[in-house]
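Student: What follows is model14.pdb, made up of PDB, C-alpha atoms and all ligand atoms:
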ATOM      1  CA  MET A1068      -3.544  -7.574  95.878  1.00  0.00           C
ATOM      2  CA  ASN A1069       0.049  -8.476  96.725  1.00  0.00           C
ATOM      3  CA  GLU A1070       0.526 -11.240  99.277  1.00  0.00           C
ATOM      4  CA  ASN A1071       4.212 -11.552  98.560  1.00  0.00           C
ATOM      5  CA  ALA A1072       6.374 -11.099  95.503  1.00  0.00           C
ATOM      6  CA  ASN A1073       5.488 -14.501  94.059  1.00  0.00           C
ATOM      7  CA  THR A1074       1.893 -14.984  95.164  1.00  0.00           C
ATOM      8  CA  ILE A1075      -0.864 -12.714  93.922  1.00  0.00           C
ATOM      9  CA  THR A1076      -4.644 -12.830  93.864  1.00  0.00           C
ATOM     10  CA  LEU A1077      -6.143 -11.727  90.565  1.00  0.00           C
ATOM     11  CA  ASN A1078      -9.578 -11.282  89.063  1.00  0.00           C
ATOM     12  CA  GLU A1079     -10.004 -12.406  85.467  1.00  0.00           C
ATOM     13  CA  GLN A1080      -9.201  -9.022  83.985  1.00  0.00           C
ATOM     14  CA  GLU A1081      -6.035  -8.812  86.094  1.00  0.00           C
ATOM     15  CA  LEU A1082      -5.019 -12.345  85.195  1.00  0.00           C
ATOM     16  CA  ARG A1083      -5.374 -11.480  81.516  1.00  0.00           C
ATOM     17  CA  ALA A1084      -3.259  -8.363  81.991  1.00  0.00           C
ATOM     18  CA  TYR A1085      -0.627 -10.491  83.755  1.00  0.00           C
ATOM     19  CA  GLY A1086      -0.614 -12.912  80.815  1.00  0.00           C
ATOM     20  CA  ARG A1087      -0.327 -10.133  78.256  1.00  0.00           C
ATOM     21  CA  ALA A1088       2.670  -8.733  80.156  1.00  0.00           C
ATOM     22  CA  LEU A1089       4.306 -12.185  80.055  1.00  0.00           C
ATOM     23  CA  GLY A1090       3.688 -12.372  76.316  1.00  0.00           C
ATOM     24  CA  GLU A1091       5.283  -8.978  75.849  1.00  0.00           C
ATOM     25  CA  SER A1092       8.358  -9.690  77.942  1.00  0.00           C
ATOM     26  CA  LEU A1093       9.386 -13.369  77.929  1.00  0.00           C
ATOM     27  CA  GLU A1094      12.593 -14.309  76.168  1.00  0.00           C
ATOM     28  CA  PRO A1095      12.862 -16.693  73.200  1.00  0.00           C
ATOM     29  CA  GLY A1096      13.113 -20.271  74.456  1.00  0.00           C
ATOM     30  CA  ALA A1097      11.141 -19.633  77.647  1.00  0.00           C
ATOM     31  CA  VAL A1098       9.077 -22.550  78.947  1.00  0.00           C
ATOM     32  CA  LEU A1099       6.074 -21.767  81.131  1.00  0.00           C
ATOM     33  CA  ALA A1100       4.745 -24.690  83.127  1.00  0.00           C
ATOM     34  CA  LEU A1101       1.119 -24.150  84.141  1.00  0.00           C
ATOM     35  CA  VAL A1102      -0.269 -26.155  87.021  1.00  0.00           C
ATOM     36  CA  GLY A1103      -3.792 -26.053  88.408  1.00  0.00           C
ATOM     37  CA  ASP A1104      -7.176 -27.756  88.444  1.00  0.00           C
ATOM     38  CA  LEU A1105      -9.746 -27.638  85.690  1.00  0.00           C
ATOM     39  CA  GLY A1106     -11.091 -24.093  85.476  1.00  0.00           C
ATOM     40  CA  ALA A1107      -8.158 -22.598  87.355  1.00  0.00           C
ATOM     41  CA  GLY A1108      -7.353 -20.334  84.404  1.00  0.00           C
ATOM     42  CA  LYS A1109      -4.516 -22.045  82.518  1.00  0.00           C
ATOM     43  CA  THR A1110      -6.091 -21.593  79.081  1.00  0.00           C
ATOM     44  CA  THR A1111      -7.263 -18.073  79.925  1.00  0.00           C
ATOM     45  CA  LEU A1112      -3.674 -17.176  80.851  1.00  0.00           C
ATOM     46  CA  THR A1113      -2.337 -18.787  77.656  1.00  0.00           C
ATOM     47  CA  LYS A1114      -4.767 -16.782  75.509  1.00  0.00           C
ATOM     48  CA  ALA A1115      -3.593 -13.582  77.174  1.00  0.00           C
ATOM     49  CA  ILE A1116       0.048 -14.560  76.602  1.00  0.00           C
ATOM     50  CA  ALA A1117      -0.761 -15.044  72.899  1.00  0.00           C
ATOM     51  CA  GLU A1118      -2.346 -11.612  72.846  1.00  0.00           C
ATOM     52  CA  GLY A1119       0.772 -10.127  74.465  1.00  0.00           C
ATOM     53  CA  LEU A1120       2.875 -11.788  71.774  1.00  0.00           C
ATOM     54  CA  GLY A1121       0.705 -10.108  69.164  1.00  0.00           C
ATOM     55  CA  ILE A1122      -0.778 -13.345  67.857  1.00  0.00           C
ATOM     56  CA  GLU A1123      -4.122 -12.639  66.211  1.00  0.00           C
ATOM     57  CA  GLU A1124      -5.193 -16.189  65.520  1.00  0.00           C
ATOM     58  CA  PRO A1125      -7.555 -17.419  68.247  1.00  0.00           C
ATOM     59  CA  VAL A1126      -5.926 -19.846  70.665  1.00  0.00           C
ATOM     60  CA  THR A1127      -8.095 -22.889  71.196  1.00  0.00           C
ATOM     61  CA  SER A1128      -7.712 -25.648  73.732  1.00  0.00           C
ATOM     62  CA  PRO A1129      -5.415 -28.309  72.274  1.00  0.00           C
ATOM     63  CA  THR A1130      -6.765 -31.046  74.526  1.00  0.00           C
ATOM     64  CA  PHE A1131      -7.190 -33.534  71.685  1.00  0.00           C
ATOM     65  CA  THR A1132      -4.218 -32.556  69.572  1.00  0.00           C
ATOM     66  CA  LEU A1133      -1.947 -31.957  72.605  1.00  0.00           C
ATOM     67  CA  ILE A1134      -0.149 -29.121  70.854  1.00  0.00           C
ATOM     68  CA  GLY A1135      -1.126 -25.897  69.113  1.00  0.00           C
ATOM     69  CA  GLU A1136       1.429 -23.829  67.198  1.00  0.00           C
ATOM     70  CA  TYR A1137       0.859 -20.142  66.574  1.00  0.00           C
ATOM     71  CA  ALA A1138       3.015 -17.935  64.362  1.00  0.00           C
ATOM     72  CA  GLY A1139       2.573 -14.280  63.488  1.00  0.00           C
ATOM     73  CA  GLY A1140       3.588 -12.812  66.849  1.00  0.00           C
ATOM     74  CA  ARG A1141       6.806 -11.497  68.382  1.00  0.00           C
ATOM     75  CA  LEU A1142       7.748 -15.150  69.037  1.00  0.00           C
ATOM     76  CA  PRO A1143       6.117 -18.399  67.939  1.00  0.00           C
ATOM     77  CA  LEU A1144       3.841 -19.823  70.637  1.00  0.00           C
ATOM     78  CA  TYR A1145       3.791 -23.561  71.335  1.00  0.00           C
ATOM     79  CA  HIS A1146       0.800 -24.441  73.457  1.00  0.00           C
ATOM     80  CA  PHE A1147       0.780 -27.929  74.981  1.00  0.00           C
ATOM     81  CA  ASP A1148      -2.091 -29.394  76.964  1.00  0.00           C
ATOM     82  CA  VAL A1149      -0.802 -32.680  78.331  1.00  0.00           C
ATOM     83  CA  TYR A1150      -3.851 -33.570  80.413  1.00  0.00           C
ATOM     84  CA  ARG A1151      -4.314 -36.774  78.430  1.00  0.00           C
ATOM     85  CA  ILE A1152      -0.742 -37.950  78.775  1.00  0.00           C
ATOM     86  CA  ASP A1153      -0.350 -40.962  81.060  1.00  0.00           C
ATOM     87  CA  ASP A1154       3.369 -41.490  80.598  1.00  0.00           C
ATOM     88  CA  PRO A1155       5.899 -38.691  79.941  1.00  0.00           C
ATOM     89  CA  ASP A1156       7.426 -40.943  77.230  1.00  0.00           C
ATOM     90  CA  GLU A1157       4.417 -40.078  75.060  1.00  0.00           C
ATOM     91  CA  MET A1158       5.983 -36.624  74.711  1.00  0.00           C
ATOM     92  CA  ASN A1159       8.792 -38.067  72.588  1.00  0.00           C
ATOM     93  CA  VAL A1160       6.363 -38.852  69.793  1.00  0.00           C
ATOM     94  CA  LEU A1161       5.455 -35.169  69.729  1.00  0.00           C
ATOM     95  CA  GLY A1162       9.113 -34.203  69.414  1.00  0.00           C
ATOM     96  CA  TYR A1163       8.712 -32.002  72.483  1.00  0.00           C
ATOM     97  CA  GLU A1164      12.427 -31.152  72.678  1.00  0.00           C
ATOM     98  CA  GLU A1165      12.234 -29.194  69.433  1.00  0.00           C
ATOM     99  CA  TYR A1166       9.731 -26.939  71.166  1.00  0.00           C
ATOM    100  CA  PHE A1167      11.106 -26.809  74.715  1.00  0.00           C
ATOM    101  CA  TYR A1168      14.615 -26.051  73.500  1.00  0.00           C
ATOM    102  CA  GLY A1169      13.623 -24.003  70.448  1.00  0.00           C
ATOM    103  CA  ASN A1170      13.355 -20.244  70.075  1.00  0.00           C
ATOM    104  CA  GLY A1171       9.661 -19.806  70.636  1.00  0.00           C
ATOM    105  CA  LEU A1172       7.652 -19.524  73.807  1.00  0.00           C
ATOM    106  CA  THR A1173       6.330 -22.813  75.158  1.00  0.00           C
ATOM    107  CA  VAL A1174       3.312 -22.959  77.464  1.00  0.00           C
ATOM    108  CA  VAL A1175       2.400 -26.335  79.004  1.00  0.00           C
ATOM    109  CA  GLU A1176      -0.973 -26.877  80.671  1.00  0.00           C
ATOM    110  CA  TRP A1177      -1.022 -29.675  83.285  1.00  0.00           C
ATOM    111  CA  ALA A1178       2.782 -29.504  83.404  1.00  0.00           C
ATOM    112  CA  ASP A1179       2.857 -31.647  86.563  1.00  0.00           C
ATOM    113  CA  LYS A1180       2.105 -34.639  84.282  1.00  0.00           C
ATOM    114  CA  ILE A1181       5.479 -34.291  82.553  1.00  0.00           C
ATOM    115  CA  TRP A1182       7.447 -32.781  85.409  1.00  0.00           C
ATOM    116  CA  GLU A1183      10.652 -34.703  84.735  1.00  0.00           C
ATOM    117  CA  LEU A1184      10.849 -33.347  81.175  1.00  0.00           C
ATOM    118  CA  LEU A1185      10.708 -29.682  82.104  1.00  0.00           C
ATOM    119  CA  PRO A1186      13.917 -27.729  81.553  1.00  0.00           C
ATOM    120  CA  ALA A1187      15.577 -26.586  84.795  1.00  0.00           C
ATOM    121  CA  ASP A1188      14.892 -22.970  83.898  1.00  0.00           C
ATOM    122  CA  ALA A1189      11.184 -23.452  83.220  1.00  0.00           C
ATOM    123  CA  ILE A1190       8.943 -20.967  85.006  1.00  0.00           C
ATOM    124  CA  VAL A1191       6.207 -22.627  87.014  1.00  0.00           C
ATOM    125  CA  ILE A1192       2.897 -20.838  87.447  1.00  0.00           C
ATOM    126  CA  GLU A1193       0.458 -22.473  89.827  1.00  0.00           C
ATOM    127  CA  LEU A1194      -3.142 -21.347  89.645  1.00  0.00           C
ATOM    128  CA  SER A1195      -5.756 -22.119  92.260  1.00  0.00           C
ATOM    129  CA  TYR A1196      -9.205 -20.940  93.220  1.00  0.00           C
ATOM    130  CA  GLY A1197      -9.524 -17.903  95.472  1.00  0.00           C
ATOM    131  CA  LYS A1198     -12.161 -17.004  98.047  1.00  0.00           C
ATOM    132  CA  ASN A1199     -14.484 -15.447  95.513  1.00  0.00           C
ATOM    133  CA  GLU A1200     -15.736 -17.002  92.314  1.00  0.00           C
ATOM    134  CA  ASN A1201     -13.861 -14.511  90.142  1.00  0.00           C
ATOM    135  CA  GLU A1202     -10.560 -14.774  92.022  1.00  0.00           C
ATOM    136  CA  ARG A1203      -7.557 -16.914  91.261  1.00  0.00           C
ATOM    137  CA  ILE A1204      -4.353 -17.230  93.244  1.00  0.00           C
ATOM    138  CA  LEU A1205      -1.228 -17.234  91.123  1.00  0.00           C
ATOM    139  CA  ARG A1206       2.111 -18.487  92.426  1.00  0.00           C
ATOM    140  CA  LYS A1207       5.258 -18.192  90.392  1.00  0.00           C
ATOM    141  CA  ARG A1208       8.465 -20.149  90.978  1.00  0.00           C
ATOM    142  CA  ASN A1209      11.297 -21.902  89.188  1.00  0.00           C
ATOM    143  CA  ALA A1210      10.937 -25.544  88.149  1.00  0.00           C
ATOM    144  CA  LYS A1211      14.146 -26.902  89.676  1.00  0.00           C
TER     145      LYS A1211
HETATM  146  N1  LIG B   1      -9.607 -14.604  88.076  1.00  0.00           N
HETATM  147  C1  LIG B   1      -9.829 -15.434  87.056  1.00  0.00           C
HETATM  148  N2  LIG B   1      -8.823 -15.778  86.253  1.00  0.00           N
HETATM  149  C2  LIG B   1      -9.017 -16.642  85.220  1.00  0.00           C
HETATM  150  N3  LIG B   1     -10.199 -17.196  84.907  1.00  0.00           N
HETATM  151  C3  LIG B   1     -11.241 -16.882  85.689  1.00  0.00           C
HETATM  152  C4  LIG B   1     -11.098 -16.001  86.779  1.00  0.00           C
HETATM  153  N4  LIG B   1     -12.299 -15.883  87.375  1.00  0.00           N
HETATM  154  C5  LIG B   1     -13.121 -16.659  86.694  1.00  0.00           C
HETATM  155  N5  LIG B   1     -12.515 -17.260  85.657  1.00  0.00           N
HETATM  156  C6  LIG B   1     -13.151 -18.213  84.744  1.00  0.00           C
HETATM  157  O1  LIG B   1     -12.598 -19.486  85.026  1.00  0.00           O
HETATM  158  C7  LIG B   1     -12.502 -20.238  83.834  1.00  0.00           C
HETATM  159  C8  LIG B   1     -11.066 -20.654  83.595  1.00  0.00           C
HETATM  160  O2  LIG B   1     -11.081 -21.564  82.560  1.00  0.00           O
HETATM  161  P1  LIG B   1      -9.778 -22.045  81.785  1.00  0.00           P
HETATM  162  O3  LIG B   1      -8.880 -20.889  81.566  1.00  0.00           O
HETATM  163  O4  LIG B   1     -10.236 -22.812  80.607  1.00  0.00           O
HETATM  164  O5  LIG B   1      -9.131 -23.008  82.895  1.00  0.00           O
HETATM  165  P2  LIG B   1      -8.146 -24.245  82.706  1.00  0.00           P
HETATM  166  O6  LIG B   1      -7.474 -24.126  81.367  1.00  0.00           O
HETATM  167  O7  LIG B   1      -7.198 -24.098  83.865  1.00  0.00           O
HETATM  168  O8  LIG B   1      -8.987 -25.471  82.829  1.00  0.00           O
HETATM  169  C9  LIG B   1     -13.039 -19.365  82.720  1.00  0.00           C
HETATM  170  O9  LIG B   1     -14.380 -19.691  82.508  1.00  0.00           O
HETATM  171  C10 LIG B   1     -12.909 -17.960  83.280  1.00  0.00           C
HETATM  172  O10 LIG B   1     -13.896 -17.101  82.750  1.00  0.00           O
HETATM  173 MG    MG B   2      -7.200 -25.515  79.808  1.00  0.00          MG
END
I need this file expressed as structure tokens, please.
Ligand SMILES: Nc1ncnc2c1ncn2[C@@H]1O[C@H](COP(=O)(O)OP(=O)(O)O)[C@@H](O)[C@H]1O
Ligand SMILES: [Mg+2]

Tutor:
Amino acid sequence: MNENANTITLNEQELRAYGRALGESLEPGAVLALVGDLGAGKTTLTKAIAEGLGIEEPVTSPTFTLIGEYAGGRLPLYHFDVYRIDDPDEMNVLGYEEYFYGNGLTVVEWADKIWELLPADAIVIELSYGKNENERILRKRNAK
């Protein structure tokens, strides 16, 4: 259901389709900043993006490693989960700039934790719970 151009309510199947479409269409170097509570659907969306990129390797949650790198698709996928980061400076150790400003597709879960490091042209996707258990509200906007 369309609420306005940038806010949509999606069931899980629809959210996956949305993610696949992103994976099929995003340009090299795109940075997707995912924001939303635990269970909001950030990892589900990332898995669908990987599918849209044509990545066959299963995408797992990189909570402990902070970053997962997946080749074999239309573009490389760099999947960050920065939930455990307390200070954005910790991102330097990971060499985040190589990813954010590289030619792959970067997806960052819990992007609000490293807000100041996001490129100005990052795409922000906010996910929140809907009225029903299987609904999520997705809002898309630019970072800066
Ligand atoms: N509309 C929906 N979109 C995405 N996930 C949904 C939806 N409805 C229910 N779910 C469930 O919510 C959970 C989302 O988990 P996950 O993607 O790991 O969230 P996060 O990474 O934001 O913590 C999954 O168990 C998924 O099956
Ligand atoms: Mg997650």

Student: Per residue of chain A within 7 Å of ligand LIG 1 (chain B), which atom pair is closest and at what distance in Å (one decimal), using all atoms listed in the file, listed by chain and increasing number, as CSV?

Tutor:
residue,atom,partner,partner_atom,distance
A:Leu1077,CA,B:LIG1,N1,5.1
A:Asn1078,CA,B:LIG1,N1,3.5
A:Glu1079,CA,B:LIG1,C1,3.4
A:Gln1080,CA,B:LIG1,N1,6.9
A:Leu1082,CA,B:LIG1,N2,5.2
A:Gly1103,CA,B:LIG1,O7,6.0
A:Asp1104,CA,B:LIG1,O7,5.9
A:Leu1105,CA,B:LIG1,O8,3.7
A:Gly1106,CA,B:LIG1,O5,3.4
A:Ala1107,CA,B:LIG1,O7,3.9
A:Gly1108,CA,B:LIG1,O3,3.3
A:Lys1109,CA,B:LIG1,O7,3.6
A:Thr1110,CA,B:LIG1,O6,3.7
A:Thr1111,CA,B:LIG1,O3,3.6
A:Leu1112,CA,B:LIG1,O3,6.4
A:Glu1200,CA,B:LIG1,N4,6.1
A:Asn1201,CA,B:LIG1,N4,3.5
A:Glu1202,CA,B:LIG1,N1,4.1
A:Arg1203,CA,B:LIG1,N1,4.4

Student: Deliver the residues from the most recent selection as a file, using C-alpha atoms, as a compact mmCIF listing (two decimals), in the frame of the given file.

Tutor:
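Listed below is the output, result_23.txt:
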# COMPACT_ATOMS: atom_id res chain seq x y z
CA LEU A 1077 -6.14 -11.73 90.56
CA ASN A 1078 -9.58 -11.28 89.06
CA GLU A 1079 -10.00 -12.41 85.47
CA GLN A 1080 -9.20 -9.02 83.98
CA LEU A 1082 -5.02 -12.34 85.20
CA GLY A 1103 -3.79 -26.05 88.41
CA ASP A 1104 -7.18 -27.76 88.44
CA LEU A 1105 -9.75 -27.64 85.69
CA GLY A 1106 -11.09 -24.09 85.48
CA ALA A 1107 -8.16 -22.60 87.36
CA GLY A 1108 -7.35 -20.33 84.40
CA LYS A 1109 -4.52 -22.04 82.52
CA THR A 1110 -6.09 -21.59 79.08
CA THR A 1111 -7.26 -18.07 79.92
CA LEU A 1112 -3.67 -17.18 80.85
CA GLU A 1200 -15.74 -17.00 92.31
CA ASN A 1201 -13.86 -14.51 90.14
CA GLU A 1202 -10.56 -14.77 92.02
CA ARG A 1203 -7.56 -16.91 91.26

Student: Quote the spacing between CA of Ser1195 in chain A and CA of Ala1138 in chain A in Å to one decimal place.

Tutor: 29.5 Å

Student: Could you tell me which residues the PyMOL selection byres (((chain A and resi 1185) around 10) and not hetatm) grabs in this file, written as a list in words?

Tutor: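 Going through the file, the PyMOL selection byres (((chain A and resi 1185) around 10) and not hetatm) ends up selecting Val1098, Leu1099, Ala1100, Glu1164, Phe1167, Val1175, Ala1178, Asp1179, Ile1181, Trp1182, Glu1183, Leu1184, Pro1186, Ala1187, Asp1188, Ala1189, Ile1190, Val1191, Ala1210 and Lys1211 of chain A.
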
Student: For those residues, write C-alpha atoms to a file as a tab-separated table (two decimals), in the coordinates of the input.

Tutor:
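Contents of part09.tsv, freshly written:
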chain	number	residue	atom	x	y	z
A	1098	VAL	CA	9.08	-22.55	78.95
A	1099	LEU	CA	6.07	-21.77	81.13
A	1100	ALA	CA	4.74	-24.69	83.13
A	1164	GLU	CA	12.43	-31.15	72.68
A	1167	PHE	CA	11.11	-26.81	74.72
A	1175	VAL	CA	2.40	-26.34	79.00
A	1178	ALA	CA	2.78	-29.50	83.40
A	1179	ASP	CA	2.86	-31.65	86.56
A	1181	ILE	CA	5.48	-34.29	82.55
A	1182	TRP	CA	7.45	-32.78	85.41
A	1183	GLU	CA	10.65	-34.70	84.74
A	1184	LEU	CA	10.85	-33.35	81.18
A	1186	PRO	CA	13.92	-27.73	81.55
A	1187	ALA	CA	15.58	-26.59	84.80
A	1188	ASP	CA	14.89	-22.97	83.90
A	1189	ALA	CA	11.18	-23.45	83.22
A	1190	ILE	CA	8.94	-20.97	85.01
A	1191	VAL	CA	6.21	-22.63	87.01
A	1210	ALA	CA	10.94	-25.54	88.15
A	1211	LYS	CA	14.15	-26.90	89.68

Student: Pick the closest to ligand MG 2 (chain B) from A:Pro1129, A:Gly1171, A:Gly1135, A:Pro1143: which is it, counting only C-alpha atoms and all ligand atoms?

Tutor: A:Pro1129

Student: Using Å and a single decimal, report how far CA of Leu1194 in chain A sits from CA of Glu1136 in chain A.

Tutor: 23.0 Å

Student: Return the single residue from A:Val1126, A:Gly1162, A:Asp1156, A:Ile1204 that is closest to ligand MG 2 (chain B), with distances computed using only C-alpha atoms and all ligand atoms.

Tutor: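 Ranked by minimum distance to ligand MG 2 (chain B), first place goes to A:Val1126.
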
Student: With all atoms listed in the file as the basis for distance, which of A:Asn1073, A:Asn1209, A:Thr1113, A:Thr1132 is at the shortest distance from ligand MG 2 (chain B)?

Tutor: A:Thr1113

Student: Quote the spacing between CA of Gly1121 in chain A and CA of Tyr1196 in chain A in Å to one decimal place.

Tutor: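 One can read the CA of Gly1121 in chain A to CA of Tyr1196 in chain A distance as 28.2 Å.
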
Student: Identify all residues satisfying the PyMOL selection byres (((chain A and resi 1172) around 8) and not hetatm) in the given file; provide them as a list in words.

Tutor: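 Applying the PyMOL selection byres (((chain A and resi 1172) around 8) and not hetatm) to the structure shown produces Leu1093, Glu1094, Pro1095, Gly1096, Ala1097, Val1098, Leu1099, Leu1142, Pro1143, Leu1144, Tyr1145, Asn1170, Gly1171, Thr1173 and Val1174 of chain A.
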
Student: Contacts of Glu1091 in chain A at 12 Å or less, counting all atoms listed in the file, minus same-chain residues fewer than 2 places along, as number ranges by chain?

Tutor: A: 1084-1089, 1093-1095, 1115-1122, 1140-1142, 1172

Student: Excluding same-chain residues fewer than 6 positions from Ile1152 in chain A, what lies within 9 Å of it counting only C-alpha atoms, as a PyMOL selection string?

Tutor: chain A and resi 1133+1158+1180-1181

Student: Pick the closest to Lys1114 in chain A from A:Tyr1150, A:Val1102, A:Ile1192, A:Tyr1137: which is it, counting only C-alpha atoms?

Tutor: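 Nearest candidate to Lys1114 in chain A out of A:Tyr1150, A:Val1102, A:Ile1192, A:Tyr1137: A:Tyr1137.
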
Student: Rank nothing, just name the residue among A:Ala1072, A:Val1149, A:Asn1159, A:Ser1092 nearest to ligand MG 2 (chain B), using only C-alpha atoms and all ligand atoms.

Tutor: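 Using only C-alpha atoms and all ligand atoms, the shortest distance to ligand MG 2 (chain B) belongs to A:Val1149.
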
Student: Which is closer to ligand MG 2 (chain B) than all the others in A:Asn1199, A:Glu1124, A:Trp1177, A:Lys1207, using all atoms listed in the file?

Tutor: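 Selected residue with least distance to ligand MG 2 (chain B): A:Trp1177.
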
Student: Start from the incomplete input, build N, CA and C atoms for range 1156-1177 of chain A, and deliver everything as a PDB file, in the frame of the given file.

Tutor:
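Produced file part_12.pdb, reproduced below:
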ATOM      1  N   ASP A1156       6.825 -40.444  78.473  1.00  0.00           N
ATOM      2  CA  ASP A1156       7.426 -40.943  77.230  1.00  0.00           C
ATOM      3  C   ASP A1156       6.597 -40.600  76.006  1.00  0.00           C
ATOM      4  N   GLU A1157       5.293 -40.423  76.196  1.00  0.00           N
ATOM      5  CA  GLU A1157       4.417 -40.078  75.060  1.00  0.00           C
ATOM      6  C   GLU A1157       4.817 -38.732  74.449  1.00  0.00           C
ATOM      7  N   MET A1158       5.549 -37.936  75.196  1.00  0.00           N
ATOM      8  CA  MET A1158       5.983 -36.624  74.711  1.00  0.00           C
ATOM      9  C   MET A1158       7.038 -36.755  73.615  1.00  0.00           C
ATOM     10  N   ASN A1159       7.756 -37.871  73.611  1.00  0.00           N
ATOM     11  CA  ASN A1159       8.792 -38.067  72.588  1.00  0.00           C
ATOM     12  C   ASN A1159       8.197 -38.115  71.196  1.00  0.00           C
ATOM     13  N   VAL A1160       7.051 -38.740  71.080  1.00  0.00           N
ATOM     14  CA  VAL A1160       6.363 -38.852  69.793  1.00  0.00           C
ATOM     15  C   VAL A1160       6.035 -37.461  69.233  1.00  0.00           C
ATOM     16  N   LEU A1161       5.792 -36.534  70.147  1.00  0.00           N
ATOM     17  CA  LEU A1161       5.455 -35.169  69.729  1.00  0.00           C
ATOM     18  C   LEU A1161       6.698 -34.363  69.371  1.00  0.00           C
ATOM     19  N   GLY A1162       7.868 -34.943  69.653  1.00  0.00           N
ATOM     20  CA  GLY A1162       9.113 -34.203  69.414  1.00  0.00           C
ATOM     21  C   GLY A1162       9.203 -32.981  70.317  1.00  0.00           C
ATOM     22  N   TYR A1163       8.840 -33.156  71.579  1.00  0.00           N
ATOM     23  CA  TYR A1163       8.712 -32.002  72.483  1.00  0.00           C
ATOM     24  C   TYR A1163      10.002 -31.200  72.614  1.00  0.00           C
ATOM     25  N   GLU A1164      11.162 -31.864  72.464  1.00  0.00           N
ATOM     26  CA  GLU A1164      12.427 -31.152  72.678  1.00  0.00           C
ATOM     27  C   GLU A1164      12.631 -30.017  71.682  1.00  0.00           C
ATOM     28  N   GLU A1165      12.138 -30.240  70.457  1.00  0.00           N
ATOM     29  CA  GLU A1165      12.234 -29.194  69.433  1.00  0.00           C
ATOM     30  C   GLU A1165      11.538 -27.913  69.904  1.00  0.00           C
ATOM     31  N   TYR A1166      10.494 -28.089  70.667  1.00  0.00           N
ATOM     32  CA  TYR A1166       9.731 -26.939  71.166  1.00  0.00           C
ATOM     33  C   TYR A1166      10.359 -26.375  72.434  1.00  0.00           C
ATOM     34  N   PHE A1167      10.606 -27.265  73.410  1.00  0.00           N
ATOM     35  CA  PHE A1167      11.106 -26.809  74.715  1.00  0.00           C
ATOM     36  C   PHE A1167      12.459 -26.110  74.569  1.00  0.00           C
ATOM     37  N   TYR A1168      13.278 -26.599  73.649  1.00  0.00           N
ATOM     38  CA  TYR A1168      14.615 -26.051  73.500  1.00  0.00           C
ATOM     39  C   TYR A1168      14.750 -25.248  72.212  1.00  0.00           C
ATOM     40  N   GLY A1169      13.620 -24.841  71.642  1.00  0.00           N
ATOM     41  CA  GLY A1169      13.623 -24.003  70.448  1.00  0.00           C
ATOM     42  C   GLY A1169      13.612 -22.526  70.822  1.00  0.00           C
ATOM     43  N   ASN A1170      13.288 -21.686  69.844  1.00  0.00           N
ATOM     44  CA  ASN A1170      13.355 -20.244  70.075  1.00  0.00           C
ATOM     45  C   ASN A1170      12.002 -19.574  70.230  1.00  0.00           C
ATOM     46  N   GLY A1171      10.980 -20.387  70.402  1.00  0.00           N
ATOM     47  CA  GLY A1171       9.661 -19.806  70.636  1.00  0.00           C
ATOM     48  C   GLY A1171       9.377 -19.716  72.121  1.00  0.00           C
ATOM     49  N   LEU A1172       8.114 -19.544  72.424  1.00  0.00           N
ATOM     50  CA  LEU A1172       7.652 -19.524  73.807  1.00  0.00           C
ATOM     51  C   LEU A1172       6.737 -20.734  73.986  1.00  0.00           C
ATOM     52  N   THR A1173       7.111 -21.606  74.916  1.00  0.00           N
ATOM     53  CA  THR A1173       6.330 -22.813  75.158  1.00  0.00           C
ATOM     54  C   THR A1173       5.485 -22.644  76.412  1.00  0.00           C
ATOM     55  N   VAL A1174       4.200 -22.959  76.302  1.00  0.00           N
ATOM     56  CA  VAL A1174       3.312 -22.959  77.464  1.00  0.00           C
ATOM     57  C   VAL A1174       2.758 -24.378  77.589  1.00  0.00           C
ATOM     58  N   VAL A1175       2.864 -24.961  78.776  1.00  0.00           N
ATOM     59  CA  VAL A1175       2.400 -26.335  79.004  1.00  0.00           C
ATOM     60  C   VAL A1175       1.311 -26.336  80.071  1.00  0.00           C
ATOM     61  N   GLU A1176       0.084 -26.694  79.678  1.00  0.00           N
ATOM     62  CA  GLU A1176      -0.973 -26.877  80.671  1.00  0.00           C
ATOM     63  C   GLU A1176      -0.866 -28.286  81.260  1.00  0.00           C
ATOM     64  N   TRP A1177      -1.141 -28.411  82.544  1.00  0.00           N
ATOM     65  CA  TRP A1177      -1.022 -29.675  83.285  1.00  0.00           C
ATOM     66  C   TRP A1177       0.434 -30.142  83.313  1.00  0.00           C
TER      67      TRP A1177
END
